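Structure first, commentary second.
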2 protein chains.
Amino acid sequence: MSLIADRASALDDADPLASYRSLFVTTPGVVAYLDGNSLGRPLAATGARLAEFVGGAWGDRLIRSWDEEWMDWPTQVGDRIASVCLGAAPGQVVVADSTSVMLYKLARAALAGRPGRTEIVADTGNFPTDRFVLEGIAAETGSTLRWLPAVSLDTVREAVSERTALVLLAHVDYRSAEIADLPAITAAAHAAGALVLWDLCHAVGAVPLSLDADEVDLAVGCTYKYLNGGPGSPAFGYVAARLLDELRQPIQGWMGAADPFAMGPSYQPAAGARRFLSGTPPILGMLPMREMLTLVEQATMTAIREKSVALTSFAIRVADELLTPHGVAVSSPRDPDRRGGHVMLDHPSFREVTARLWQRGVIPDFRPPTGLRVGLSPLSTGFAEVLAGLTAVADEL
Amino acid sequence: MSLIADRASALDDADPLASYRSLFVTTPGVVAYLDGNSLGRPLAATGARLAEFVGGAWGDRLIRSWDEEWMDWPTQVGDRIASVCLGAAPGQVVVADSTSVMLYKLARAALAGRPGRTEIVADTGNFPTDRFVLEGIAAETGSTLRWLPAVSLDTVREAVSERTALVLLAHVDYRSAEIADLPAITAAAHAAGALVLWDLCHAVGAVPLSLDADEVDLAVGCTYKYLNGGPGSPAFGYVAARLLDELRQPIQGWMGAADPFAMGPSYQPAAGARRFLSGTPPILGMLPMREMLTLVEQATMTAIREKSVALTSFAIRVADELLTPHGVAVSSPRDPDRRGGHVMLDHPSFREVTARLWQRGVIPDFRPPTGLRVGLSPLSTGFAEVLAGLTAVADEL
């Protein structure tokens with residue numbers, strides 16, 4: 001065995017979270033799943049839990065389950081995400097909608113909450129849906145988008161002013177995995193009187209967060225990556241307690257109304273986080289993430305982050321050894337404190353390489369123009385798996 | 001056996017769709033489930049199908065399933081609803097979001113599609129979420145809501161004018177089950193140059209529709225009632241082919257963009273119905289309705305409507321015999337051509353009666369102030385079940 005294989009083996013042996021891997025569905029023919037940050041693997045228990053739900057809460061209790069439990073799921077599951085992953089007290093998070101819709105609702109709420117301010121600060125490198133949604137909002141509200149060329153405390157400080165209503169940034173960059181300086185940027189936006197909306201899609205479940213302590217205003221995130229909620233599982237939205245009764249979102253559906261079943265003549269927003277709901281919440285889609293939150297809680301975000309750093313550090317080490325000789329560049333920060341749960345590699349032929357890798361059961365993500373993104377979901381990924389995957393990349397180059 | 005019990009038995013014996021009942025989960029302790037129009041029963045096959053999905057498309061194919069199949073689900077499942085239930089050609093329906101969110105998107109798209117027109121016509125008796133969403137839209141767009149006191153061709157004709165951008169009405173009233181005169185009202189709105197958005201929540205899967213032939217512009221509906229999609233399953237939205245490239249919706253998420261994975265610098269709406277998508281579609285939530293659509297297709301909407309009429313007619317007959325002596329009023333139309341898939345009964349004590357009925361396994365819905373709503377999902381409800389349920393109501397009175 002090579003030195004690097006010895007290292008992978010030693011890291012797997014010493015991994016205190018190694019036993020969690022057996023709790024996920026394994027996939028014959030998949031040598032390395034390096035895309036858990038696009039779609040997390042299901043837990044092995046999830047299939048049976050869904051079947052049990054169909055026979056039980058749905059089939060046996062029928063409509064009664066809405067009264068008995070489901071009405072509270074959006075806030076209960078939200079509170080669990082808050083406590084396990086977000087560093088947030090109860091009552092500030094709801095689970096509903098898709099990330100794009102939740103982003104729209106919270107960004108619109110923020111603009112309405114800062115009347116007279118007409119600028120939105122965002123960065124050109126953010127995930128498309130964030131930029132696209134903001135473009136639409138700017139057009140409909142007559143706001144101006146002020147684009148940052150890069151995310152840093154300096155660029156934000158320079159951009160915000162008494163005209164800024166909202167700053168929208170990603171906590172972990174979907175390409176580079178660079179972690180933004182959330183506390184400092186939040187404070188800089190606040191100093192200008194603006195609200196900040198953080199996109200936590202690539203952070204939640206991989207990087208510990210302390211939204212309350214950092215005085216974050218608003219946040220959104222998705223649950224199908226590191227929270228293993230399944231394809232299209234609902235998003236979450238966080239609204240700081242101090243803003244809950246001040247802000248109003250534009251999609252005034254019955255589930256966000258004070259008393260949905262009063263069926264009254266006009267909309268009165270619910271107190272607290274429920275007012276950020278709109279339609280009937282996607283109950284089935286919340287089931288898988290509930291199981292995963294239990295595992296994350298057991299493992300603790302601290303231990304998950306430790307393993308995440310070990311995985312990405314090892315991936316960079318392997319890339320340095322096996323891939324840089326082929327001209328591959330490591331595009332993620334080398335400082336682990338500045339790096340989220342994935343590693344971005346760049347090479348001009350990665351579009352074709354990724355297609356061939358998929359054929360042989362090595363599954364990273366391709367991100368244009370030249371990025372191969374290595375997503376390393378801490379509870380379901382092993383070090384030997386990382387090595388096997390990146391060895392296949394070297395082969396294909 | 002009483003005459004009415006003989007009649008129930010004869011109707012069950014003669015029911016050509018009786019065998020479908022065995023395909024649904026049965027619930028020990030539930031004597032009569034009269035709320036399939038709030039939450040349809042699961043199919044007996046649904047639990048196993050979900051478990052199979054977890055091990056297969058999700059767990060085995062992992063992220064590859066997005067390329068292999070899931071990207072097309074919102075339009076494919078939409079096309080099936082279109083063909084099986086809506087009388088609509090392919091390419092006009094997407095499955096996504098909740099009904100409230102889809103309603104918001106289509107109503108906003110309609111307003112933007114009729115620039116210079118500032119009135120929205122709606123009725124005070126519509127389901128709360130429809131009215132609430134419109135209130136919010138009116139406030140944000142500076143439009144005026146013109147409320148109809150009742151839904152009829154005359155009230156609509158009187159209300160629409162060259163100022164009307166949009167008419168939003170329910171096809172089947174959620175309380176009375178009265179069927180609106182969709183073709184005539186649509187034509188009246190068109191004569192005034194307005195667009196019409198039909199809420200089909202209480203129609204789809206119970207009443208045959210011909211959206212294309214009736215020249216409907218826009219429609220929304222939910223899938224957890226007569227399409228048995230499960231709690232919070234996603235909504236559908238219909239946009240007539242002639243409007244697809246003209247209208248734009250406000251929540252410009254990546255899944256509605258022309259090429260989501262190009263991750264380009266700015267939003268270009270997809271061609272066709274996809275532009276009405278926003279975020280990542282709720283795949284898990286689309287699974288149960290797919291099975292149900294197969295059953296509806298086999299049974300045919302014509303036969304389903306025949307059974308639906310027989311069920312509601314029988315319920316009214318039982319009510320006349322057993323409940324009117326207790327002062328109960330039948331609030332649904334007696335003409336079956338004007339009645340959807342449920343029957344509304346009113347009595348001052350129905351709030352308390354409903355609570356007691358639930359205790360004894362008879363499950364209708366209560367709708368304030370005094371309504372007991374008897375929902376009769378054609379494929380899963382039997383005539384003896386209707387009699388047992390209404391006999392219990394008589395007991396409780």
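Identifiers in the structure tokens: chain A, B, ... in order shown; residue index from 1 per chain; ligand index from 1 in order shown.
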Using only C-alpha atoms, I'd like a table of the residues in chain A that come within 7 Å of chain B; for each, show the closest atom pair and its distance in Å rounded to one decimal, ordered by chain and ascending number, as a tab-separated table.
```
residue	atom	partner	partner_atom	distance
A:Val25	CA	B:Gly59	CA	5.9
A:Thr27	CA	B:Asp60	CA	5.2
A:Leu39	CA	B:Ile63	CA	5.8
A:Arg41	CA	B:Gly59	CA	6.0
A:Pro42	CA	B:Gly59	CA	5.8
A:Gly47	CA	B:Ala51	CA	3.9
A:Ala48	CA	B:Ala51	CA	6.1
A:Leu50	CA	B:Leu50	CA	6.5
A:Ala51	CA	B:Gly47	CA	3.9
A:Val54	CA	B:Gly47	CA	5.4
A:Gly59	CA	B:Pro42	CA	5.8
A:Asp60	CA	B:Thr27	CA	5.2
A:Leu62	CA	B:Arg41	CA	6.8
A:Ile63	CA	B:Leu39	CA	5.8
A:Asp97	CA	B:Asp97	CA	6.3
A:Ser98	CA	B:Gly279	CA	5.2
A:Thr99	CA	B:Gly279	CA	6.2
A:Ser100	CA	B:Gly279	CA	4.8
A:Val101	CA	B:Gly279	CA	6.5
A:Tyr104	CA	B:Ile251	CA	6.6
A:Pro128	CA	B:Met263	CA	5.4
A:Thr129	CA	B:Trp254	CA	4.6
A:Phe132	CA	B:Tyr267	CA	5.2
A:Val133	CA	B:Gln252	CA	4.8
A:Gly136	CA	B:Gln252	CA	6.0
A:Pro231	CA	B:Ile283	CA	5.6
A:Gly232	CA	B:Pro282	CA	3.9
A:Ser233	CA	B:Pro282	CA	5.9
A:Pro250	CA	B:Gly136	CA	6.1
A:Ile251	CA	B:Val133	CA	6.0
A:Gln252	CA	B:Val133	CA	4.8
A:Gly253	CA	B:Thr129	CA	4.8
A:Trp254	CA	B:Thr129	CA	4.6
A:Ala262	CA	B:Pro368	CA	6.9
A:Met263	CA	B:Pro128	CA	5.4
A:Gly264	CA	B:Pro128	CA	7.0
A:Ser266	CA	B:Phe132	CA	6.2
A:Tyr267	CA	B:Phe132	CA	5.2
A:Ser278	CA	B:Ser100	CA	6.2
A:Gly279	CA	B:Ser100	CA	4.8
A:Thr280	CA	B:Gly232	CA	5.3
A:Pro281	CA	B:Gly232	CA	5.0
A:Pro282	CA	B:Gly232	CA	3.9
A:Ile283	CA	B:Gly232	CA	5.4
A:Leu284	CA	B:Gly285	CA	6.3
A:Gly285	CA	B:Gly285	CA	6.3
A:Pro368	CA	B:Ala262	CA	6.9
```
Output N, CA and C atoms for every residue in the selection just made, as a compact mmCIF listing (two decimals), in the first residue's frame.
```txt
# COMPACT_ATOMS: atom_id res chain seq x y z
N VAL A 25 -27.93 4.25 3.40
CA VAL A 25 -28.06 3.30 2.29
C VAL A 25 -26.73 3.24 1.55
N THR A 27 -24.57 1.89 -1.84
CA THR A 27 -24.93 1.77 -3.24
C THR A 27 -23.92 0.90 -3.96
N LEU A 39 -27.04 16.19 -3.11
CA LEU A 39 -28.14 15.35 -2.62
C LEU A 39 -27.54 14.34 -1.64
N ARG A 41 -27.18 11.17 0.79
CA ARG A 41 -27.68 9.78 0.78
C ARG A 41 -28.86 9.64 1.73
N PRO A 42 -29.79 8.73 1.42
CA PRO A 42 -30.83 8.44 2.43
C PRO A 42 -30.25 7.63 3.59
N GLY A 47 -36.62 4.52 4.37
CA GLY A 47 -37.65 3.81 3.62
C GLY A 47 -38.72 3.25 4.53
N ALA A 48 -38.29 2.57 5.58
CA ALA A 48 -39.25 1.98 6.51
C ALA A 48 -40.05 3.05 7.24
N LEU A 50 -40.89 5.97 6.10
CA LEU A 50 -41.91 6.52 5.19
C LEU A 50 -43.08 5.55 5.07
N ALA A 51 -42.78 4.26 4.95
CA ALA A 51 -43.85 3.27 4.83
C ALA A 51 -44.71 3.25 6.10
N VAL A 54 -47.05 6.16 6.10
CA VAL A 54 -48.21 5.98 5.21
C VAL A 54 -49.29 5.16 5.91
N GLY A 59 -52.40 7.08 6.97
CA GLY A 59 -53.47 6.14 6.67
C GLY A 59 -54.36 5.81 7.86
N ASP A 60 -53.79 5.83 9.05
CA ASP A 60 -54.56 5.44 10.22
C ASP A 60 -55.23 6.64 10.89
N LEU A 62 -55.39 9.68 9.42
CA LEU A 62 -56.03 10.47 8.35
C LEU A 62 -56.00 11.97 8.70
N ILE A 63 -57.08 12.66 8.40
CA ILE A 63 -57.09 14.13 8.58
C ILE A 63 -56.81 14.54 10.02
N ASP A 97 -41.75 25.39 1.76
CA ASP A 97 -41.40 25.92 0.44
C ASP A 97 -40.06 25.36 -0.06
N SER A 98 -39.61 25.92 -1.17
CA SER A 98 -38.26 25.65 -1.66
C SER A 98 -37.37 26.80 -1.21
N THR A 99 -36.06 26.61 -1.32
CA THR A 99 -35.14 27.69 -0.94
C THR A 99 -35.43 28.96 -1.74
N SER A 100 -35.70 28.81 -3.03
CA SER A 100 -35.95 29.99 -3.88
C SER A 100 -37.17 30.77 -3.40
N VAL A 101 -38.23 30.05 -3.06
CA VAL A 101 -39.45 30.72 -2.61
C VAL A 101 -39.22 31.36 -1.24
N TYR A 104 -37.19 34.44 -1.65
CA TYR A 104 -38.05 35.52 -2.18
C TYR A 104 -38.84 36.16 -1.04
N PRO A 128 -26.87 30.75 -8.65
CA PRO A 128 -27.79 31.41 -9.57
C PRO A 128 -29.15 31.76 -8.99
N THR A 129 -29.75 30.83 -8.22
CA THR A 129 -31.11 31.13 -7.79
C THR A 129 -31.16 32.37 -6.92
N PHE A 132 -30.85 35.28 -9.36
CA PHE A 132 -32.04 35.39 -10.21
C PHE A 132 -33.24 35.94 -9.41
N VAL A 133 -33.43 35.39 -8.21
CA VAL A 133 -34.55 35.84 -7.39
C VAL A 133 -34.40 37.33 -7.09
N GLY A 136 -35.33 39.58 -10.01
CA GLY A 136 -36.78 39.73 -10.12
C GLY A 136 -37.32 40.70 -9.09
N PRO A 231 -34.72 14.42 -2.35
CA PRO A 231 -34.81 15.35 -3.47
C PRO A 231 -35.99 16.32 -3.34
N GLY A 232 -35.68 17.60 -3.30
CA GLY A 232 -36.72 18.60 -3.22
C GLY A 232 -37.35 18.75 -1.85
N SER A 233 -36.68 18.26 -0.80
CA SER A 233 -37.21 18.45 0.55
C SER A 233 -37.29 19.96 0.85
N PRO A 250 -44.68 38.56 1.53
CA PRO A 250 -45.72 38.90 0.56
C PRO A 250 -46.73 37.79 0.23
N ILE A 251 -46.42 36.52 0.49
CA ILE A 251 -47.34 35.45 0.06
C ILE A 251 -48.21 35.06 1.24
N GLN A 252 -49.30 35.80 1.36
CA GLN A 252 -50.16 35.72 2.53
C GLN A 252 -51.11 34.54 2.47
N GLY A 253 -50.56 33.34 2.57
CA GLY A 253 -51.41 32.15 2.52
C GLY A 253 -52.05 31.87 3.88
N TRP A 254 -53.01 30.95 3.85
CA TRP A 254 -53.76 30.67 5.07
C TRP A 254 -52.92 30.10 6.20
N ALA A 262 -60.29 29.69 11.22
CA ALA A 262 -61.38 30.64 11.42
C ALA A 262 -61.94 31.03 10.06
N MET A 263 -61.09 30.92 9.02
CA MET A 263 -61.53 31.22 7.65
C MET A 263 -62.16 32.61 7.58
N GLY A 264 -61.53 33.54 8.27
CA GLY A 264 -62.08 34.89 8.41
C GLY A 264 -62.04 35.71 7.14
N SER A 266 -60.44 38.54 6.41
CA SER A 266 -59.19 39.11 5.88
C SER A 266 -57.99 38.57 6.64
N TYR A 267 -56.84 38.72 5.99
CA TYR A 267 -55.60 38.13 6.50
C TYR A 267 -55.06 38.90 7.68
N SER A 278 -46.86 30.00 4.09
CA SER A 278 -47.88 30.43 3.13
C SER A 278 -48.91 29.33 2.95
N GLY A 279 -48.58 28.28 2.19
CA GLY A 279 -49.54 27.22 1.91
C GLY A 279 -49.39 26.04 2.86
N THR A 280 -50.11 24.98 2.54
CA THR A 280 -50.06 23.75 3.34
C THR A 280 -48.65 23.19 3.34
N PRO A 281 -48.06 22.97 4.50
CA PRO A 281 -46.65 22.57 4.54
C PRO A 281 -46.43 21.14 4.04
N PRO A 282 -45.31 20.92 3.39
CA PRO A 282 -45.00 19.60 2.80
C PRO A 282 -44.55 18.60 3.86
N ILE A 283 -45.54 17.93 4.46
CA ILE A 283 -45.27 17.04 5.59
C ILE A 283 -44.39 15.85 5.20
N LEU A 284 -44.77 15.15 4.12
CA LEU A 284 -44.00 13.97 3.70
C LEU A 284 -42.53 14.35 3.52
N GLY A 285 -42.29 15.50 2.93
CA GLY A 285 -40.92 15.95 2.65
C GLY A 285 -40.13 16.31 3.89
N PRO A 368 -19.62 24.53 -13.97
CA PRO A 368 -18.96 25.25 -15.05
C PRO A 368 -18.17 26.46 -14.54
```
Among region 139-306 of chain A, which residues carry a DSSP assignment of alpha helix (DSSP H), reported as an mmCIF file with N, CA and C atoms, in the first residue's frame?
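Listing of part26.cif after writing:
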```
data_model
loop_
_atom_site.group_PDB
_atom_site.id
_atom_site.type_symbol
_atom_site.label_atom_id
_atom_site.label_comp_id
_atom_site.auth_asym_id
_atom_site.auth_seq_id
_atom_site.Cartn_x
_atom_site.Cartn_y
_atom_site.Cartn_z
ATOM 1 N N ALA A 139 -36.458 44.288 -9.944
ATOM 2 C CA ALA A 139 -37.314 44.798 -11.020
ATOM 3 C C ALA A 139 -38.703 45.160 -10.501
ATOM 4 N N GLU A 140 -39.260 44.301 -9.657
ATOM 5 C CA GLU A 140 -40.647 44.563 -9.240
ATOM 6 C C GLU A 140 -40.752 45.644 -8.178
ATOM 7 N N THR A 141 -39.692 45.841 -7.398
ATOM 8 C CA THR A 141 -39.768 46.828 -6.323
ATOM 9 C C THR A 141 -39.070 48.132 -6.693
ATOM 10 N N LEU A 153 -15.223 41.348 3.949
ATOM 11 C CA LEU A 153 -15.635 42.439 4.819
ATOM 12 C C LEU A 153 -15.396 43.775 4.130
ATOM 13 N N ASP A 154 -14.282 43.882 3.438
ATOM 14 C CA ASP A 154 -13.960 45.146 2.761
ATOM 15 C C ASP A 154 -14.953 45.485 1.652
ATOM 16 N N THR A 155 -15.254 44.518 0.801
ATOM 17 C CA THR A 155 -16.179 44.830 -0.306
ATOM 18 C C THR A 155 -17.564 45.174 0.237
ATOM 19 N N VAL A 156 -17.975 44.488 1.295
ATOM 20 C CA VAL A 156 -19.290 44.792 1.870
ATOM 21 C C VAL A 156 -19.278 46.182 2.491
ATOM 22 N N ARG A 157 -18.241 46.475 3.277
ATOM 23 C CA ARG A 157 -18.136 47.802 3.918
ATOM 24 C C ARG A 157 -18.198 48.918 2.891
ATOM 25 N N GLU A 158 -17.520 48.684 1.778
ATOM 26 C CA GLU A 158 -17.475 49.703 0.738
ATOM 27 C C GLU A 158 -18.844 49.882 0.059
ATOM 28 N N ALA A 159 -19.601 48.806 0.008
ATOM 29 C CA ALA A 159 -20.853 48.834 -0.752
ATOM 30 C C ALA A 159 -22.043 49.356 0.048
ATOM 31 N N LEU A 182 -19.047 35.870 8.540
ATOM 32 C CA LEU A 182 -20.440 36.188 8.862
ATOM 33 C C LEU A 182 -20.582 37.218 9.984
ATOM 34 N N PRO A 183 -19.897 37.062 11.112
ATOM 35 C CA PRO A 183 -20.130 38.038 12.190
ATOM 36 C C PRO A 183 -19.714 39.459 11.788
ATOM 37 N N ALA A 184 -18.564 39.575 11.163
ATOM 38 C CA ALA A 184 -18.065 40.915 10.823
ATOM 39 C C ALA A 184 -18.908 41.558 9.720
ATOM 40 N N ILE A 185 -19.283 40.762 8.725
ATOM 41 C CA ILE A 185 -20.088 41.313 7.626
ATOM 42 C C ILE A 185 -21.473 41.712 8.127
ATOM 43 N N THR A 186 -22.032 40.874 9.001
ATOM 44 C CA THR A 186 -23.336 41.209 9.592
ATOM 45 C C THR A 186 -23.247 42.534 10.346
ATOM 46 N N ALA A 187 -22.187 42.680 11.133
ATOM 47 C CA ALA A 187 -22.015 43.922 11.908
ATOM 48 C C ALA A 187 -21.836 45.118 10.978
ATOM 49 N N ALA A 188 -21.105 44.938 9.884
ATOM 50 C CA ALA A 188 -20.885 46.042 8.943
ATOM 51 C C ALA A 188 -22.194 46.458 8.288
ATOM 52 N N ALA A 189 -23.009 45.487 7.944
ATOM 53 C CA ALA A 189 -24.313 45.818 7.352
ATOM 54 C C ALA A 189 -25.188 46.548 8.368
ATOM 55 N N HIS A 190 -25.168 46.049 9.598
ATOM 56 C CA HIS A 190 -25.962 46.697 10.649
ATOM 57 C C HIS A 190 -25.494 48.132 10.894
ATOM 58 N N ALA A 191 -24.187 48.340 10.819
ATOM 59 C CA ALA A 191 -23.652 49.685 11.041
ATOM 60 C C ALA A 191 -24.219 50.663 10.014
ATOM 61 N N LEU A 287 -40.147 14.311 6.620
ATOM 62 C CA LEU A 287 -39.860 13.089 7.376
ATOM 63 C C LEU A 287 -38.380 12.706 7.383
ATOM 64 N N PRO A 288 -37.745 12.574 6.195
ATOM 65 C CA PRO A 288 -36.363 12.094 6.232
ATOM 66 C C PRO A 288 -35.419 12.993 7.039
ATOM 67 N N MET A 289 -35.584 14.305 6.939
ATOM 68 C CA MET A 289 -34.658 15.189 7.660
ATOM 69 C C MET A 289 -34.798 15.052 9.170
ATOM 70 N N ARG A 290 -35.983 14.659 9.629
ATOM 71 C CA ARG A 290 -36.166 14.497 11.073
ATOM 72 C C ARG A 290 -35.242 13.415 11.623
ATOM 73 N N GLU A 291 -35.146 12.311 10.895
ATOM 74 C CA GLU A 291 -34.244 11.228 11.311
ATOM 75 C C GLU A 291 -32.797 11.703 11.311
ATOM 76 N N MET A 292 -32.455 12.453 10.275
ATOM 77 C CA MET A 292 -31.068 12.904 10.155
ATOM 78 C C MET A 292 -30.713 13.882 11.266
ATOM 79 N N LEU A 293 -31.664 14.732 11.630
ATOM 80 C CA LEU A 293 -31.389 15.690 12.708
ATOM 81 C C LEU A 293 -31.065 14.966 14.015
ATOM 82 N N THR A 294 -31.700 13.824 14.225
ATOM 83 C CA THR A 294 -31.390 13.034 15.415
ATOM 84 C C THR A 294 -29.930 12.576 15.390
ATOM 85 N N LEU A 295 -29.485 12.118 14.216
ATOM 86 C CA LEU A 295 -28.083 11.693 14.104
ATOM 87 C C LEU A 295 -27.125 12.865 14.299
ATOM 88 N N VAL A 296 -27.446 13.997 13.705
ATOM 89 C CA VAL A 296 -26.565 15.167 13.823
ATOM 90 C C VAL A 296 -26.473 15.594 15.288
ATOM 91 N N GLU A 297 -27.611 15.532 15.958
ATOM 92 C CA GLU A 297 -27.621 15.899 17.369
ATOM 93 C C GLU A 297 -26.741 14.952 18.183
ATOM 94 N N GLN A 298 -26.870 13.646 17.918
ATOM 95 C CA GLN A 298 -26.043 12.659 18.630
ATOM 96 C C GLN A 298 -24.561 12.887 18.359
ATOM 97 N N ALA A 299 -24.255 13.065 17.082
ATOM 98 C CA ALA A 299 -22.846 13.194 16.702
ATOM 99 C C ALA A 299 -22.268 14.531 17.175
ATOM 100 N N MET A 301 -22.524 18.872 16.167
ATOM 101 C CA MET A 301 -21.975 19.661 15.070
ATOM 102 C C MET A 301 -20.477 19.888 15.242
ATOM 103 N N THR A 302 -20.014 19.907 16.489
ATOM 104 C CA THR A 302 -18.580 20.104 16.723
ATOM 105 C C THR A 302 -17.786 18.931 16.146
ATOM 106 N N ALA A 303 -18.227 17.720 16.456
ATOM 107 C CA ALA A 303 -17.522 16.544 15.936
ATOM 108 C C ALA A 303 -17.685 16.437 14.426
ATOM 109 N N ILE A 304 -18.868 16.815 13.921
ATOM 110 C CA ILE A 304 -19.101 16.771 12.476
ATOM 111 C C ILE A 304 -18.160 17.745 11.768
ATOM 112 N N ARG A 305 -18.011 18.924 12.326
ATOM 113 C CA ARG A 305 -17.104 19.899 11.722
ATOM 114 C C ARG A 305 -15.661 19.384 11.767
ATOM 115 N N GLU A 306 -15.277 18.758 12.864
ATOM 116 C CA GLU A 306 -13.912 18.204 12.947
ATOM 117 C C GLU A 306 -13.681 17.182 11.837
#
```
inquiry  = List as a PyMOL selection string the protein and nucleic acid residues near region 7-15 of chain A, meaning an atom at most 9 Å away when only C-alpha atoms are counted, but skip any in the same chain fewer than 3 places from it.
reply    = chain A and resi 2-4+18-19+307+310+314+382-387
The selected residues should be written to file as a PDB file, in the first residue's frame (atoms: C-alpha atoms).
```pdb
ATOM      1  CA  SER A   2       1.147   3.507  -0.802  1.00  0.00           C
ATOM      2  CA  LEU A   3       1.755   6.053   1.924  1.00  0.00           C
ATOM      3  CA  ILE A   4      -1.416   7.903   1.016  1.00  0.00           C
ATOM      4  CA  ALA A  18     -16.989   6.086  11.404  1.00  0.00           C
ATOM      5  CA  SER A  19     -19.849   3.970  12.716  1.00  0.00           C
ATOM      6  CA  LYS A 307     -14.478  15.310  10.604  1.00  0.00           C
ATOM      7  CA  ALA A 310     -10.263  16.248   8.262  1.00  0.00           C
ATOM      8  CA  PHE A 314      -7.229  14.924   3.257  1.00  0.00           C
ATOM      9  CA  GLY A 382     -15.003   7.796   4.559  1.00  0.00           C
ATOM     10  CA  PHE A 383     -11.374   8.681   3.905  1.00  0.00           C
ATOM     11  CA  ALA A 384     -10.688   5.612   1.756  1.00  0.00           C
ATOM     12  CA  GLU A 385     -13.721   6.649  -0.313  1.00  0.00           C
ATOM     13  CA  VAL A 386     -12.182  10.087  -0.886  1.00  0.00           C
ATOM     14  CA  LEU A 387      -8.924   8.468  -1.967  1.00  0.00           C
TER      15      LEU A 387
END
```
At a cut-off of 10 Å, using only C-alpha atoms, what residues contact Leu211 (chain A)? Leave out same-chain residues fewer than 4 positions from it and give the result as a ChimeraX atom specification. /A:82,85-89,182-183,198,215-219,238-240
Writing out the chosen residues with N, CA and C atoms as a JSON list (two decimals), in the first residue's frame:
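Output saved as part_37.json:
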```
[["chain", "number", "residue", "atom", "x", "y", "z"],
["A", 82, "ALA", "N", -32.85, 24.68, 14.23],
["A", 82, "ALA", "CA", -32.31, 25.84, 14.94],
["A", 82, "ALA", "C", -31.37, 25.40, 16.05],
["A", 85, "CYS", "N", -28.35, 22.78, 14.54],
["A", 85, "CYS", "CA", -27.43, 23.26, 13.49],
["A", 85, "CYS", "C", -27.17, 24.75, 13.47],
["A", 86, "LEU", "N", -28.12, 25.55, 13.91],
["A", 86, "LEU", "CA", -28.04, 26.99, 13.61],
["A", 86, "LEU", "C", -27.60, 27.86, 14.78],
["A", 87, "GLY", "N", -27.54, 27.30, 15.97],
["A", 87, "GLY", "CA", -27.24, 28.15, 17.12],
["A", 87, "GLY", "C", -28.32, 29.20, 17.30],
["A", 88, "ALA", "N", -29.56, 28.76, 17.27],
["A", 88, "ALA", "CA", -30.69, 29.69, 17.34],
["A", 88, "ALA", "C", -31.72, 29.17, 18.33],
["A", 89, "ALA", "N", -32.27, 30.08, 19.11],
["A", 89, "ALA", "CA", -33.30, 29.73, 20.08],
["A", 89, "ALA", "C", -34.59, 29.35, 19.35],
["A", 182, "LEU", "N", -19.05, 35.87, 8.54],
["A", 182, "LEU", "CA", -20.44, 36.19, 8.86],
["A", 182, "LEU", "C", -20.58, 37.22, 9.98],
["A", 183, "PRO", "N", -19.90, 37.06, 11.11],
["A", 183, "PRO", "CA", -20.13, 38.04, 12.19],
["A", 183, "PRO", "C", -19.71, 39.46, 11.79],
["A", 198, "TRP", "N", -28.61, 35.63, 5.10],
["A", 198, "TRP", "CA", -27.55, 34.67, 4.80],
["A", 198, "TRP", "C", -28.14, 33.42, 4.15],
["A", 215, "GLU", "N", -26.04, 37.82, 15.77],
["A", 215, "GLU", "CA", -27.06, 38.82, 15.48],
["A", 215, "GLU", "C", -27.49, 38.85, 14.02],
["A", 216, "VAL", "N", -27.55, 37.66, 13.43],
["A", 216, "VAL", "CA", -28.05, 37.55, 12.06],
["A", 216, "VAL", "C", -29.53, 37.95, 12.03],
["A", 217, "ASP", "N", -29.94, 38.60, 10.95],
["A", 217, "ASP", "CA", -31.34, 39.01, 10.83],
["A", 217, "ASP", "C", -32.18, 37.89, 10.22],
["A", 218, "LEU", "N", -31.73, 37.42, 9.06],
["A", 218, "LEU", "CA", -32.51, 36.48, 8.26],
["A", 218, "LEU", "C", -31.58, 35.43, 7.66],
["A", 219, "ALA", "N", -32.11, 34.24, 7.47],
["A", 219, "ALA", "CA", -31.31, 33.20, 6.82],
["A", 219, "ALA", "C", -32.24, 32.21, 6.13],
["A", 238, "TYR", "N", -35.04, 31.42, 8.64],
["A", 238, "TYR", "CA", -34.79, 31.94, 9.98],
["A", 238, "TYR", "C", -35.07, 33.43, 9.98],
["A", 239, "VAL", "N", -35.83, 33.88, 10.97],
["A", 239, "VAL", "CA", -36.07, 35.31, 11.16],
["A", 239, "VAL", "C", -35.80, 35.60, 12.63],
["A", 240, "ALA", "N", -34.86, 36.50, 12.90],
["A", 240, "ALA", "CA", -34.48, 36.79, 14.28],
["A", 240, "ALA", "C", -35.70, 37.24, 15.08]]
```
All strand (DSSP E or B) positions in region 74-308 of chain B, as JSON, numbers by chain: {"B": [93, 94, 95, 96, 119, 120, 121, 122, 123, 144, 145, 146, 147, 148, 164, 165, 166, 167, 168, 169, 170, 172, 178, 179, 195, 196, 197, 198, 199, 218, 219, 220, 221, 235, 236, 237, 238, 239, 257, 269]}
note - CA of Ala194 (chain B) and CA of Ala258 (chain B) are separated by 28.3 Å
